[in-house]
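K.L.:
Encoded as structure tokens, here's the structure I'll be asking about.
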Amino acid sequence: MKNIVILGSGTAGTMMANHLTKKLQKNQWQITLVDQYSSHYYQPGFLFIPFGTYKPEDVKRTVEEFLPKSVHLIKEKIDKIDKDTDTVLLSNGKTVSYDLLIIATGCKTAPEEVIGMKDDFWYKTIFDFYTFEGSCALAKKLETWEGGKMVVHITEMPIKCPVAPLEFAFLADDYFTKKGMRDKVEISYVTPLSGAFTKEKCTKALEYLLEEKNIKIVPDFAVERIEGENGKMYEYGGESVDFDLLVTVPTNMGDECILRSGFGDDLNYVPTDKHTLQSKVKDNIFVIGDATNVPASKAGSVAHFQAEILTENIMNYMEGKPLKPDFDGHANCFIETGKGKALLIDFNYETEPLKGKFPFAVVGPLNLLEESTFNHFGKMAFKWVYWNMLLPARKLPFITPKMSTAGKIFDKEKV
């Protein structure tokens, strides 16, 4: 009996366990999943908890609920991977041997990377919403906050779901408007990027919305330190931004077990072939989701598309066939813009978000790069899709892993 070991029970790891259970012969392969955590979170829901749209219990389930019974689950912290002996060392001193390894350890916030971010004012006047604890703490803060200077901030890229900070700023505008106190809140969006997003056309659309909602953008701001007692955030050039309430996205880093294993990059992400998802560490190690260093968005939709392609490539690897370079960086996501509307973007490594229809070329029914109520309904329906379709690795109709050009409006000079 050979052993496939999956490290991580998050979105990517759970999907891979379900995909492979359907493909592998049970008398030949055992799937073992290792993770120290018992809870599985619908992380896109963290965005909505501070505004009261979701309750904490809406985004939390158990890990076991979504795993096939045939999967051997080990609840233990991962110490490191020994690629030379094909073993995983656990924190309790035990080892797990593998014939094939899938790293799905994700990424996490590291507020300690910025001087002053996680000091005495953490969860008092400085919050994150990228963790369950942070979003719940921020919800309590917003209930009684009387206004002032709110700064929505990105420390550095890459981060999970690059549009989530923008969504937070848009939803904050809507939230304070509904509370009748928008005139008491000055919202600024502070980013290390030169614009609102990484793609040109999308940046123009999003910056228009920031202007429309009276949200000031402060670009090219690389934070050096934060002084919570003074409500100031400084960048390396000496410029500062004042805040009464700082909602920050801290540095995102790969799991520390990758650092201890000795083969991660500066942020603990695993060197990965961006098209096949095979690691550059060793042939029998594959990587998926936020744990990779591929230049794609760290988002659930990306992990979903990667999972379908990686499953096929793992089967090819087992059969001695060439791996298919089929992952094109495909990502799509809804961007909540407030007031019951949302944008939808669909893009990959080569193609930036464009206007058009999705998923069907003529009828849509979703519009790309345009605000609509229908897009908002799509965003809110995604929680059901996540629990009932994505995690169990059920096929989503009409949505392919590789980005389709159908329905997209390209610039004439680029056609």
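So you can find residues: chains in the structure tokens are A, B, ... in the order shown, residues in each start at 1, and ligands are numbered from 1 in order.
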Enumerate as a count of residues only all residues of stretch 9-196 of chain A assigned to strand (DSSP E) by DSSP on the backbone, naming them with the chain letters and numbers the document uses.
P.N.:
49
K.L.:
Set the distance at 8 Å and use only C-alpha atoms: which residues neighbour stretch 249-251 of chain A once local chain neighbours fewer than 2 positions away are removed? I'd like the list as a PyMOL selection string.
P.N.:
chain A and resi 109-111+113-114+128-130+153-157+159+165+247+253
K.L.:
What's around A:Lys75 at 10 Å? Count only C-alpha atoms, leave out sequence neighbours fewer than 4 positions away in its own chain, and write the answer as an NGL selection string.
P.N.:
:A and (9 or 33-38 or 90)
K.L.:
With a cut-off of 12 Å, could you pull out the residues of stretch 273-360 of chain A touching stretch 255-258 of chain A and give me the nearest pair of atoms for each, distance in Å to one decimal, using only C-alpha atoms, ordered by chain and ascending number, as JSON lines?
P.N.:
```
{"residue": "A:Val281", "atom": "CA", "partner": "A:Ile258", "partner_atom": "CA", "distance": 11.4}
{"residue": "A:Val287", "atom": "CA", "partner": "A:Ile258", "partner_atom": "CA", "distance": 11.7}
{"residue": "A:Asp290", "atom": "CA", "partner": "A:Asp255", "partner_atom": "CA", "distance": 9.8}
{"residue": "A:Ala291", "atom": "CA", "partner": "A:Asp255", "partner_atom": "CA", "distance": 7.7}
{"residue": "A:Thr292", "atom": "CA", "partner": "A:Ile258", "partner_atom": "CA", "distance": 10.8}
```
K.L.:
Go ahead and save the picked residues with N, CA and C atoms, as an mmCIF file, in the first residue's frame.
P.N.:
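In the end it all went to part-v2.cif:
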```
data_model
loop_
_atom_site.group_PDB
_atom_site.id
_atom_site.type_symbol
_atom_site.label_atom_id
_atom_site.label_comp_id
_atom_site.auth_asym_id
_atom_site.auth_seq_id
_atom_site.Cartn_x
_atom_site.Cartn_y
_atom_site.Cartn_z
ATOM 1 N N VAL A 281 11.149 21.413 -5.754
ATOM 2 C CA VAL A 281 11.949 20.854 -4.668
ATOM 3 C C VAL A 281 12.322 19.405 -4.957
ATOM 4 N N VAL A 287 2.340 21.060 -5.004
ATOM 5 C CA VAL A 287 1.915 22.178 -4.150
ATOM 6 C C VAL A 287 0.636 22.783 -4.711
ATOM 7 N N ASP A 290 -2.552 28.533 -1.470
ATOM 8 C CA ASP A 290 -1.763 29.655 -0.953
ATOM 9 C C ASP A 290 -0.326 29.278 -0.638
ATOM 10 N N ALA A 291 -0.020 27.988 -0.540
ATOM 11 C CA ALA A 291 1.341 27.553 -0.207
ATOM 12 C C ALA A 291 2.318 27.731 -1.357
ATOM 13 N N THR A 292 1.830 27.886 -2.578
ATOM 14 C CA THR A 292 2.702 27.998 -3.740
ATOM 15 C C THR A 292 3.300 29.395 -3.856
#
```
K.L.:
Find the spatial neighbours of A:Ser372, counting only C-alpha atoms, within a cut-off of 9 Å - ignore same-chain residues fewer than 6 positions away - and output them as a PyMOL selection string.
P.N.:
chain A and resi 340-344+366
